[in-house]
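Engineer: File name my_file-v2.txt; file contents compact mmCIF, C-alpha atoms; full text below.
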```
# COMPACT_ATOMS: atom_id res chain seq x y z
CA MET A 20 100.21 93.36 104.23
CA TYR A 21 97.46 95.57 103.04
CA THR A 22 94.31 95.46 105.01
CA GLN A 23 91.82 98.13 104.50
CA ALA A 24 88.39 98.65 105.83
CA LEU A 25 86.43 98.27 102.63
CA ASP A 26 83.23 97.78 104.48
CA THR A 27 81.27 100.45 102.71
CA HIS A 28 79.59 98.28 100.16
CA GLY A 29 78.84 94.94 101.82
CA LYS A 30 75.45 94.07 103.19
CA GLU A 31 75.11 94.06 106.95
CA PRO A 32 74.75 90.39 107.95
CA VAL A 33 71.82 89.62 110.21
CA PRO A 34 72.15 87.19 113.15
CA SER A 35 70.21 83.95 112.87
CA PRO A 36 67.44 83.77 115.49
CA ALA A 37 67.58 79.97 115.54
CA ALA A 38 71.18 79.94 116.62
CA GLU A 39 70.51 82.55 119.25
CA ALA A 40 67.68 80.48 120.61
CA ALA A 41 70.02 77.55 120.97
CA GLY A 42 72.24 79.67 123.14
CA LEU A 43 75.13 78.99 120.80
CA ALA A 44 75.50 82.64 119.97
CA ALA A 45 75.66 83.62 123.62
CA ARG A 46 78.30 80.98 124.33
CA PHE A 47 80.24 82.11 121.29
CA GLN A 48 80.20 85.74 122.40
CA ALA A 49 81.23 84.73 125.92
CA ARG A 50 84.25 82.93 124.52
CA VAL A 51 85.15 85.95 122.40
CA ASP A 52 84.71 88.26 125.41
CA ALA A 53 87.04 86.01 127.40
CA GLU A 54 89.67 86.48 124.66
CA GLU A 55 89.47 82.81 123.68
CA LYS A 56 90.37 82.13 120.07
CA ILE A 57 87.75 80.71 117.72
CA GLU A 58 89.10 77.87 115.58
CA PRO A 59 87.82 76.59 112.22
CA LYS A 60 85.67 73.70 113.45
CA ASP A 61 84.15 75.65 116.36
CA TRP A 62 80.57 76.82 116.09
CA MET A 63 80.38 80.44 114.96
CA PRO A 64 77.50 82.69 113.89
CA ASP A 65 77.13 82.81 110.15
CA PRO A 66 77.51 86.63 109.99
CA TYR A 67 80.86 86.27 111.81
CA ARG A 68 81.96 83.68 109.26
CA GLN A 69 80.82 85.83 106.33
CA THR A 70 82.47 88.96 107.73
CA LEU A 71 85.76 87.09 108.12
CA ILE A 72 85.56 85.56 104.65
CA ARG A 73 84.98 89.00 103.18
CA GLN A 74 87.71 90.70 105.19
CA ILE A 75 90.37 88.00 104.86
CA SER A 76 89.79 87.49 101.14
CA GLN A 77 89.84 91.24 100.46
CA HIS A 78 93.08 91.35 102.39
CA ALA A 79 94.48 88.45 100.34
CA HIS A 80 93.43 90.09 97.07
CA SER A 81 95.14 93.29 98.19
CA GLU A 82 98.40 91.42 98.69
CA ILE A 83 98.20 89.87 95.25
CA VAL A 84 97.21 93.06 93.41
CA GLY A 85 99.80 94.89 95.53
CA MET A 86 102.53 92.97 93.73
CA LEU A 87 101.72 94.86 90.52
CA PRO A 88 102.66 98.49 91.25
CA GLU A 89 105.98 97.42 92.78
CA GLY A 90 106.66 94.69 90.25
CA ASN A 91 106.55 97.51 87.72
CA TRP A 92 109.96 98.68 89.00
CA ILE A 93 111.83 95.38 89.34
CA THR A 94 113.47 95.66 85.93
CA ARG A 95 114.30 99.34 86.49
CA ALA A 96 115.56 99.32 90.09
CA PRO A 97 118.64 101.57 90.25
CA SER A 98 121.07 98.91 91.53
CA LEU A 99 121.44 95.18 91.91
CA LYS A 100 120.92 95.55 95.67
CA ARG A 101 117.68 97.48 95.23
CA LYS A 102 116.52 94.94 92.66
CA ALA A 103 117.19 91.98 94.97
CA VAL A 104 115.38 93.77 97.81
CA LEU A 105 112.39 94.61 95.63
CA ILE A 106 112.10 91.06 94.34
CA ALA A 107 112.18 89.79 97.92
CA LYS A 108 109.51 92.28 98.94
CA VAL A 109 107.21 91.46 96.04
CA GLN A 110 107.70 87.76 96.76
CA ASP A 111 106.68 88.43 100.37
CA GLU A 112 103.47 90.09 99.17
CA GLY A 113 102.69 86.96 97.16
CA GLY A 114 103.43 84.87 100.25
CA HIS A 115 101.15 87.05 102.37
CA GLY A 116 98.38 86.52 99.86
CA MET A 117 98.93 82.76 100.17
CA TYR A 118 98.81 82.81 104.00
CA LEU A 119 95.57 84.77 103.85
CA TYR A 120 93.83 82.65 101.20
CA SER A 121 94.78 79.66 103.30
CA ALA A 122 93.23 81.28 106.41
CA ALA A 123 90.07 82.16 104.45
CA GLU A 124 89.74 78.58 103.25
CA THR A 125 89.48 77.34 106.84
CA LEU A 126 86.08 79.09 106.87
CA GLY A 127 84.74 76.77 104.19
CA VAL A 128 85.30 78.71 100.97
CA ALA A 129 87.28 77.42 98.00
CA ARG A 130 90.32 79.36 96.92
CA ALA A 131 89.30 79.06 93.27
CA ASP A 132 86.03 80.83 94.09
CA LEU A 133 87.82 83.65 95.89
CA ILE A 134 90.17 84.15 92.97
CA GLU A 135 87.23 84.09 90.60
CA GLN A 136 85.63 86.89 92.66
CA LEU A 137 88.78 88.96 92.28
CA LEU A 138 89.08 88.38 88.56
CA SER A 139 85.42 89.08 87.87
CA GLY A 140 85.67 92.37 89.73
CA ALA A 141 83.09 91.26 92.31
CA ALA A 142 85.61 91.38 95.19
CA LYS A 143 87.23 94.51 96.54
CA TYR A 144 90.89 95.09 97.28
CA SER A 145 92.74 97.96 98.86
CA SER A 146 92.16 101.20 96.94
CA ILE A 147 95.82 102.16 97.24
CA PHE A 148 96.94 99.77 94.51
CA ASN A 149 94.93 101.58 91.89
CA TYR A 150 97.47 104.38 91.86
CA PRO A 151 100.42 104.26 89.45
CA THR A 152 104.12 104.01 90.37
CA LEU A 153 105.55 106.74 88.17
CA THR A 154 109.08 107.08 89.54
CA TRP A 155 111.57 105.12 91.63
CA ALA A 156 110.69 107.33 94.60
CA ASP A 157 107.21 105.77 94.53
CA ILE A 158 108.79 102.48 95.59
CA GLY A 159 110.26 104.30 98.58
CA ALA A 160 106.96 106.00 99.37
CA ILE A 161 105.02 102.74 99.12
CA GLY A 162 107.32 100.96 101.57
CA TRP A 163 107.38 103.88 103.98
CA LEU A 164 103.74 105.02 103.82
CA VAL A 165 101.66 102.19 102.39
CA ASP A 166 103.41 99.44 104.32
CA GLY A 167 103.53 101.75 107.32
CA ALA A 168 99.76 102.21 107.18
CA ALA A 169 99.31 98.49 106.61
CA ILE A 170 101.37 97.66 109.70
CA MET A 171 99.30 100.08 111.77
CA ASN A 172 96.16 98.31 110.55
CA GLN A 173 97.53 94.82 110.93
CA ILE A 174 99.24 94.77 114.33
CA PRO A 175 95.86 94.74 116.14
CA ILE A 176 94.62 91.93 113.87
CA CYS A 177 97.35 89.71 115.34
CA ARG A 178 94.94 89.56 118.32
CA CYS A 179 91.87 88.87 116.19
CA SER A 180 89.42 86.39 117.72
CA TYR A 181 89.69 84.03 114.75
CA GLY A 182 92.78 81.86 115.25
CA PRO A 183 93.89 81.22 111.65
CA TYR A 184 93.60 84.91 110.71
CA ALA A 185 95.48 85.99 113.83
CA ARG A 186 98.26 83.47 113.15
CA ALA A 187 98.59 84.57 109.52
CA MET A 188 98.82 88.18 110.68
CA VAL A 189 101.59 87.40 113.16
CA ARG A 190 103.61 85.89 110.34
CA ILE A 191 102.84 88.81 108.01
CA CYS A 192 103.64 91.52 110.57
CA LYS A 193 107.05 89.95 111.21
CA GLU A 194 107.85 90.36 107.53
CA GLU A 195 106.32 93.82 107.08
CA SER A 196 108.86 95.65 109.15
CA PHE A 197 111.53 95.01 106.51
CA HIS A 198 109.20 96.41 103.88
CA GLN A 199 108.66 99.66 105.71
CA ARG A 200 112.31 100.17 106.59
CA GLN A 201 113.59 99.52 103.09
CA GLY A 202 111.05 102.06 101.80
CA PHE A 203 112.11 104.70 104.29
CA GLU A 204 115.74 104.06 103.40
CA ILE A 205 115.00 104.65 99.71
CA MET A 206 113.36 107.96 100.67
CA LEU A 207 116.31 108.85 102.90
CA VAL A 208 118.84 108.32 100.12
CA LEU A 209 116.75 110.39 97.71
CA ALA A 210 116.13 113.12 100.28
CA GLN A 211 119.87 113.44 100.86
CA GLY A 212 120.65 113.30 97.14
CA THR A 213 120.64 115.80 94.31
CA ARG A 214 118.00 118.47 93.85
CA GLU A 215 116.28 116.26 91.27
CA GLN A 216 116.23 113.34 93.69
CA ARG A 217 114.78 115.48 96.48
CA THR A 218 112.12 116.76 94.09
CA MET A 219 111.31 113.21 93.12
CA ALA A 220 110.95 112.17 96.79
CA GLN A 221 108.69 115.15 97.52
CA ASP A 222 106.57 114.40 94.46
CA ALA A 223 106.11 110.80 95.59
CA LEU A 224 105.08 111.95 99.08
CA ASN A 225 102.66 114.42 97.51
CA ARG A 226 100.95 111.68 95.53
CA TRP A 227 100.94 108.90 98.16
CA TRP A 228 100.11 110.82 101.33
CA TRP A 229 96.35 111.18 100.95
CA PRO A 230 95.73 107.73 99.43
CA SER A 231 97.71 106.30 102.38
CA LEU A 232 95.41 108.03 104.86
CA MET A 233 92.44 106.61 102.96
CA MET A 234 93.81 103.10 103.48
CA PHE A 235 92.33 103.16 106.98
CA GLY A 236 88.87 103.21 105.46
CA PRO A 237 85.94 105.60 105.86
CA SER A 238 85.72 107.80 108.92
CA ASP A 239 84.11 106.25 111.98
CA ALA A 240 80.88 108.15 111.40
CA ASP A 241 80.49 106.41 108.01
CA SER A 242 81.89 102.98 108.89
CA ARG A 243 79.00 100.57 109.07
CA HIS A 244 80.72 97.45 110.33
CA THR A 245 83.05 98.82 112.96
CA ALA A 246 80.82 98.30 116.02
CA GLN A 247 79.95 94.68 115.23
CA SER A 248 83.54 93.84 114.25
CA MET A 249 84.71 95.25 117.56
CA ARG A 250 82.19 93.17 119.51
CA TRP A 251 83.52 90.12 117.67
CA LYS A 252 87.10 91.26 118.34
CA ILE A 253 87.93 91.08 114.66
CA LYS A 254 88.74 94.76 114.92
CA ARG A 255 90.33 96.42 117.95
CA PHE A 256 90.56 100.08 116.99
CA SER A 257 88.38 102.28 114.83
CA ASN A 258 89.51 103.53 111.41
CA ASP A 259 89.98 107.08 112.70
CA GLU A 260 91.99 105.96 115.74
CA LEU A 261 94.41 104.03 113.55
CA ARG A 262 94.63 106.84 111.01
CA GLN A 263 95.48 109.31 113.78
CA LYS A 264 98.22 107.02 115.14
CA PHE A 265 99.68 106.74 111.66
CA VAL A 266 99.69 110.52 111.16
CA ASP A 267 101.33 111.08 114.54
CA ILE A 268 104.23 108.74 113.87
CA THR A 269 104.67 109.59 110.18
CA VAL A 270 104.73 113.40 110.24
CA PRO A 271 107.98 113.53 112.29
CA GLN A 272 109.52 110.99 109.89
CA ALA A 273 108.70 113.32 106.97
CA HIS A 274 110.29 116.18 108.91
CA PHE A 275 113.42 114.09 109.37
CA LEU A 276 113.56 113.59 105.61
CA GLY A 277 113.19 117.32 105.10
CA LEU A 278 110.01 116.73 103.11
CA THR A 279 106.72 118.58 103.39
CA ILE A 280 103.42 116.82 104.08
CA PRO A 281 101.06 117.98 101.31
CA ASP A 282 98.45 119.37 103.70
CA ASN A 283 98.23 123.14 104.30
CA GLU A 284 95.96 122.61 107.26
CA LEU A 285 98.26 120.17 109.07
CA ARG A 286 99.06 121.51 112.54
CA TRP A 287 100.25 120.25 115.90
CA ASP A 288 97.53 120.24 118.52
CA GLU A 289 99.40 120.77 121.77
CA ALA A 290 96.44 119.97 124.01
CA ALA A 291 95.66 116.69 122.24
CA GLY A 292 99.32 115.79 121.74
CA SER A 293 98.41 114.97 118.14
CA TYR A 294 98.58 116.33 114.65
CA ARG A 295 95.38 117.67 113.10
CA THR A 296 95.07 117.08 109.37
CA GLY A 297 92.93 118.78 106.77
CA ALA A 298 89.79 117.07 105.50
CA ILE A 299 90.17 113.89 103.46
CA ASP A 300 88.59 113.93 100.01
CA TRP A 301 86.30 110.94 100.43
CA SER A 302 84.83 111.37 96.97
CA GLU A 303 88.21 110.23 95.62
CA PHE A 304 88.22 107.17 97.91
CA HIS A 305 84.72 106.14 96.81
CA ALA A 306 85.52 106.75 93.15
CA VAL A 307 88.60 104.51 93.37
CA LEU A 308 86.65 101.79 95.21
CA ARG A 309 83.94 101.94 92.58
CA GLY A 310 86.53 101.17 89.93
CA ASN A 311 87.40 104.65 88.71
CA GLY A 312 90.91 105.04 90.10
CA PRO A 313 93.83 105.68 87.75
CA CYS A 314 94.77 101.98 87.41
CA ASN A 315 91.72 99.85 88.37
CA ARG A 316 91.21 98.41 84.90
CA GLU A 317 94.91 97.89 84.31
CA ARG A 318 95.33 95.99 87.61
CA LEU A 319 92.45 93.60 86.94
CA GLU A 320 93.53 93.06 83.36
CA ALA A 321 97.04 92.18 84.57
CA ARG A 322 95.64 89.65 87.06
CA ARG A 323 93.33 88.11 84.46
CA ALA A 324 96.16 87.86 81.94
CA ALA A 325 98.42 86.19 84.53
CA HIS A 326 95.66 83.77 85.48
CA GLU A 327 95.00 82.84 81.85
CA ALA A 328 98.70 82.60 80.99
CA GLY A 329 99.19 80.20 83.89
CA ARG A 330 96.24 77.99 83.00
CA TRP A 331 98.21 75.51 80.90
CA VAL A 332 100.73 75.11 83.73
CA ARG A 333 98.00 74.33 86.26
CA GLU A 334 96.35 71.90 83.87
CA ALA A 335 99.63 70.22 82.94
CA ALA A 336 100.59 69.78 86.60
CA ALA A 337 97.17 68.32 87.41
CA ALA A 338 97.38 65.95 84.42
CA HIS A 339 100.87 64.85 85.44
CA ALA A 340 99.71 64.22 89.02
CA ALA A 341 96.71 62.22 87.79
CA ARG A 342 98.91 60.07 85.53
CA GLU A 343 101.36 59.41 88.38
CA ARG A 344 98.50 58.39 90.68
CA ALA A 345 97.15 56.04 88.02
CA ARG A 346 100.60 54.56 87.44
CA GLN A 347 101.12 53.98 91.15
CA ALA A 348 97.67 52.44 91.54
CA ALA A 349 98.35 50.10 88.59
CA ALA A 350 101.75 49.13 90.04
CA ALA A 351 100.16 48.44 93.44
CA ALA A 352 97.40 46.33 91.86
CA ALA A 353 99.99 44.36 89.83
CA GLY A 354 102.03 43.85 93.01
CA GLU A 355 98.98 42.48 94.82
CA ARG A 356 98.16 40.08 91.99
CA HIS A 357 101.74 38.98 91.90
CA GLY A 358 101.91 38.54 95.68
CA GLY A 359 98.49 36.79 95.82
CA MET B 5 86.31 73.94 89.90
CA ALA B 6 86.81 70.24 89.36
CA ASP B 7 90.49 70.42 88.46
CA GLU B 8 91.54 72.58 91.41
CA TRP B 9 94.75 71.34 92.99
CA PRO B 10 94.11 69.63 96.33
CA LEU B 11 94.83 71.29 99.65
CA PHE B 12 97.82 70.22 101.74
CA GLU B 13 98.62 71.05 105.36
CA VAL B 14 102.21 72.11 105.97
CA PHE B 15 104.36 71.28 108.99
CA ILE B 16 107.82 72.77 109.50
CA ARG B 17 110.67 71.71 111.78
CA SER B 18 112.31 75.05 112.60
CA ARG B 19 115.60 73.45 113.66
CA SER B 20 117.00 70.06 114.57
CA GLY B 21 115.80 68.91 117.95
CA LEU B 22 112.37 70.52 117.66
CA GLU B 23 109.13 68.92 116.47
CA HIS B 24 107.42 69.73 113.20
CA LYS B 25 104.77 72.36 113.77
CA HIS B 26 101.70 73.18 111.70
CA VAL B 27 102.18 76.48 109.85
CA GLY B 28 99.34 76.64 107.34
CA SER B 29 98.16 75.12 104.10
CA LEU B 30 98.58 75.42 100.36
CA HIS B 31 97.37 73.96 97.09
CA ALA B 32 99.57 71.73 94.94
CA ALA B 33 99.07 69.19 92.20
CA ASP B 34 100.95 66.50 94.14
CA ALA B 35 103.00 65.95 97.27
CA ARG B 36 106.31 66.83 95.68
CA MET B 37 104.99 70.15 94.42
CA ALA B 38 103.48 70.75 97.86
CA VAL B 39 106.95 70.45 99.43
CA GLU B 40 108.39 72.84 96.85
CA HIS B 41 105.60 75.37 97.37
CA ALA B 42 105.93 75.04 101.14
CA ARG B 43 109.61 75.95 100.77
CA ASP B 44 108.66 79.15 98.92
CA VAL B 45 105.65 80.11 101.01
CA TYR B 46 106.76 79.20 104.52
CA THR B 47 110.58 79.23 104.67
CA ARG B 48 111.73 82.42 102.91
CA ARG B 49 113.68 83.43 106.01
CA GLN B 50 115.24 80.16 107.12
CA GLU B 51 112.21 79.24 109.21
CA GLY B 52 112.79 75.54 108.63
CA VAL B 53 115.17 72.65 108.13
CA SER B 54 112.51 70.06 107.32
CA ILE B 55 109.02 70.08 105.80
CA TRP B 56 106.11 67.66 106.11
CA VAL B 57 103.05 67.95 103.92
CA VAL B 58 99.87 65.92 104.17
CA ARG B 59 96.67 66.04 102.18
CA SER B 60 94.17 68.05 104.25
CA ALA B 61 91.50 65.51 103.34
CA ASP B 62 93.57 62.79 105.06
CA ILE B 63 93.59 64.51 108.45
CA ILE B 64 91.19 63.10 111.00
CA ALA B 65 90.35 65.64 113.66
CA SER B 66 88.43 65.47 116.91
CA ASP B 67 85.04 67.14 116.90
CA PRO B 68 84.88 70.38 118.94
CA ALA B 69 81.32 69.40 119.93
CA GLU B 70 82.79 66.35 121.66
CA ALA B 71 85.53 68.32 123.37
CA ASP B 72 83.93 67.93 126.80
CA ALA B 73 83.49 64.19 126.46
CA LEU B 74 87.09 63.84 125.31
CA PHE B 75 88.90 66.21 127.60
CA GLU B 76 86.70 66.76 130.64
CA PRO B 77 87.71 63.48 132.33
CA ALA B 78 91.26 64.80 132.80
CA ARG B 79 90.03 67.93 134.54
CA ASP B 80 89.48 66.46 138.01
CA LYS B 81 92.63 64.34 138.03
CA VAL B 82 94.87 66.88 139.64
CA TYR B 83 96.73 64.00 141.29
CA ARG B 84 98.49 63.51 137.97
CA HIS B 85 100.47 66.67 138.68
CA PRO B 86 103.47 66.85 141.07
CA THR B 87 102.07 69.92 142.83
CA PHE B 88 99.18 67.79 144.15
CA TYR B 89 101.47 66.22 146.77
CA ALA B 90 102.34 68.14 149.93
CA ILE B 91 105.95 67.52 150.89
CA PRO B 92 107.56 69.17 153.95
CA ASP B 93 109.92 72.03 153.03
CA GLU B 94 112.86 70.41 154.74
CA VAL B 95 112.78 67.47 152.34
CA LYS B 96 115.10 68.37 149.47
CA ASN B 97 115.55 67.15 145.91
CA LEU B 98 112.01 65.88 145.44
```
Let's see the structure in the file written out as C-alpha cells.

Structural biologist:
Amino acid sequence: MYTQALDTHGKEPVPSPAAEAAGLAARFQARVDAEEKIEPKDWMPDPYRQTLIRQISQHAHSEIVGMLPEGNWITRAPSLKRKAVLIAKVQDEGGHGMYLYSAAETLGVARADLIEQLLSGAAKYSSIFNYPTLTWADIGAIGWLVDGAAIMNQIPICRCSYGPYARAMVRICKEESFHQRQGFEIMLVLAQGTREQRTMAQDALNRWWWPSLMMFGPSDADSRHTAQSMRWKIKRFSNDELRQKFVDITVPQAHFLGLTIPDNELRWDEAAGSYRTGAIDWSEFHAVLRGNGPCNRERLEARRAAHEAGRWVREAAAAHAARERARQAAAAAAGERHGG
Amino acid sequence: MADEWPLFEVFIRSRSGLEHKHVGSLHAADARMAVEHARDVYTRRQEGVSIWVVRSADIIASDPAEADALFEPARDKVYRHPTFYAIPDEVKNL
C-alpha cells in the first residue's frame, strides 16, 4: 500500500547504446507510447528493468515494515472489533508485500536477495514507517492519512506500463479502501468522543500530517527520476501533483472531524480551486531517509529479529520437503523395479 | 541462497463454472504449503473456491521473440470469423 518516491539516492541509469542501435529501444518506447503493457519475457531496456526492480522492491519493503507500527497496537486495540479489523489490515499489508515481491521477481531478481537488501539497510522503504505509534488515535491517523496518501500514489500505478506491477496494484488498491475508511472511522469516533479523545485525535493529526505529505516524495524540482519514469509510463503524475490532490481532498475531511490541520499558512486559493500549504521541512524527510528518523533502527532490528527467529522454520520446512521428495523418488524407483 | 523455497505460480477459480486464472506467485517448501500460502495470500476475501499451484520452473512458455511466427499466420484469416460473410438483412436467425 505504501509507495513513495524514494528516488533521491539512486543512480540515474544510462541507456545502453547497443540496444538503441538494434532499434529495440525504439520499438519498446513505441509500445509503451501506445499504452501496450510490457510483460516479463518481453525485451526491455536495462534501466527500465532496474528502475522497476528498485521501485517495486522498495514498495514491497514498505508494506512489510508498515506492519510494525500498526502491529504495535494489536494487543491494545480498544475492542474485539477493532482488534479483528487491525489484524485483518496488518495481514493485508503482509499480503501486499507478497504480491509486490512476486511482481519484482518477474524481473529476474531473487526474493531472498531483495529481503537481504532490506535487512542489511541497503534498500529504502517509505519514510513514514519510521515514526512511532504513540496512541490509539495514531492507528486512525495512519489509516486515514497514510493509507489515503498511499491510495493517491497507487491508483495511477494500476495503469503502469509493466503488466505484473500494474496487476499487483489493482489487487492492492481494491483492498486499500477498507484501510482508509476504517482509519477515518476511528478518527470520527474519537473526534465525537470525550475531550481527552478529541485531544488525542488532534495530537495524532498534528504528528502524522507533515510526514504524510512527505510520502509523495521530494518536490518536482528535486525529483530526479520523474521525467524518465513518466516517459516509461511507470509514473503518471508528478509528486507535487499527487500531493496537491491529497491536500485538496483531505483538508475538508479534517474540517468534518472538527480537527485543525497543523499548518498556520494553510489557505484556500479561490482562483486555483486548491489549498495552499506552508513549506514542507525537507530536511526532516532527508534525515529520516538517511536513517535518522525516530524509529529507523527499531524497525530494522524488528525485521532482522523476525527473519532470524523464523530461520529454523524455513530450514525445517525445506528439510521436510527434501525428505518427502527423496521418499517419493525411492518409492517410484522401487515400483519400477518391481514392475520391470 | 541455496535453500530458498522454490517459486510456485498460483491459479484461482473464483467460483464454480469459471476457469482457474493466474493470480501471481509465491514461495513454498512444497506443493501442499504452496496451496496453504495461496489461501492466505490470494483468497483473504473469498476470491476463490479452488486453487491450483505449479512449480514456476515447470511452466513452458512461448518466446515473445517468436510471437510473430506463432501468431501472425492467424492475422489474415478473417474468414474464420462470422462477420466475414455478407448475409442479406432480410435473412433472419443466422

Engineer: Could you tell me which residues of chain A sit within 10 Å of chain B when counting only C-alpha atoms, and give me the result as a PyMOL selection string?

Structural biologist: chain A and resi 58-62+107+110-111+113-122+124-125+129-132+183+186-187+190+194+333-341+343-344

Engineer: What separation in Å, quoted to one decimal, exists between CA of Arg59 in chain B and CA of Gln136 in chain A?

Structural biologist: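 If I compute the distance from CA of Arg59 in chain B to CA of Gln136 in chain A, I get 25.4 Å.
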
Engineer: With 9 Å as the threshold, what does the neighbourhood of (106.5, 97.5, 95.4) contain in terms of residues, counting only C-alpha atoms? Coordinates are those of the file; answer as a PDB file with C-alpha atoms, keeping the file's coordinate frame.

Structural biologist:
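Output contents, as saved in part.pdb:
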```pdb
ATOM      1  CA  GLY A  85      99.800  94.890  95.530  1.00  0.00           C
ATOM      2  CA  MET A  86     102.530  92.970  93.730  1.00  0.00           C
ATOM      3  CA  LEU A  87     101.720  94.860  90.520  1.00  0.00           C
ATOM      4  CA  PRO A  88     102.660  98.490  91.250  1.00  0.00           C
ATOM      5  CA  GLU A  89     105.980  97.420  92.780  1.00  0.00           C
ATOM      6  CA  GLY A  90     106.660  94.690  90.250  1.00  0.00           C
ATOM      7  CA  ASN A  91     106.550  97.510  87.720  1.00  0.00           C
ATOM      8  CA  TRP A  92     109.960  98.680  89.000  1.00  0.00           C
ATOM      9  CA  ILE A  93     111.830  95.380  89.340  1.00  0.00           C
ATOM     10  CA  LEU A 105     112.390  94.610  95.630  1.00  0.00           C
ATOM     11  CA  ILE A 106     112.100  91.060  94.340  1.00  0.00           C
ATOM     12  CA  LYS A 108     109.510  92.280  98.940  1.00  0.00           C
ATOM     13  CA  VAL A 109     107.210  91.460  96.040  1.00  0.00           C
ATOM     14  CA  GLU A 112     103.470  90.090  99.170  1.00  0.00           C
ATOM     15  CA  THR A 152     104.120 104.010  90.370  1.00  0.00           C
ATOM     16  CA  ASP A 157     107.210 105.770  94.530  1.00  0.00           C
ATOM     17  CA  ILE A 158     108.790 102.480  95.590  1.00  0.00           C
ATOM     18  CA  GLY A 159     110.260 104.300  98.580  1.00  0.00           C
ATOM     19  CA  ILE A 161     105.020 102.740  99.120  1.00  0.00           C
ATOM     20  CA  GLY A 162     107.320 100.960 101.570  1.00  0.00           C
ATOM     21  CA  HIS A 198     109.200  96.410 103.880  1.00  0.00           C
TER      22      HIS A 198
END
```

Engineer: One number please: CA of Lys254 in chain A to CA of Ile268 in chain A, in Å, one decimal.

Structural biologist: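 For CA of Lys254 in chain A relative to CA of Ile268 in chain A, the distance reads 20.9 Å.
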
Engineer: List as a ChimeraX atom specification the protein and nucleic acid residues near Phe15 in chain B, meaning an atom at most 12 Å away when only C-alpha atoms are counted, but skip any in the same chain fewer than 4 places from it.

Structural biologist: /B:22-30,38-39,42-43,45-47,51-60

Engineer: Can you tell me how far CA of Leu126 in chain A sits from CA of Leu71 in chain A, in Å to one decimal?

Structural biologist: 8.1 Å

Engineer: Can you tell me, as a PyMOL selection string, which residues sit within 10 Å of (96.3, 101.7, 95.6) in the file's frame, using all atoms listed in the file?

Structural biologist: chain A and resi 21+81+84-85+88+144-152+161+165+227+230-231+233-234+307-308+312-315+318

Engineer: Draw an axis-aligned box tight on the listed atoms of range 179-194 of chain A, then pad every side by 4 Å and write out centre and edge lengths in Å to one decimal as JSON.

Structural biologist:
```
{"center_x": 98.6, "center_y": 86.4, "center_z": 112.6, "size_x": 26.4, "size_y": 18.3, "size_z": 18.2}
```

Engineer: Residues near Tyr184 in chain A, anyone? I mean within 8 Å using all atoms listed in the file, not counting same-chain ones fewer than 5 positions away, as a ChimeraX atom specification.

Structural biologist: /A:75,119,122-123,176-177,179
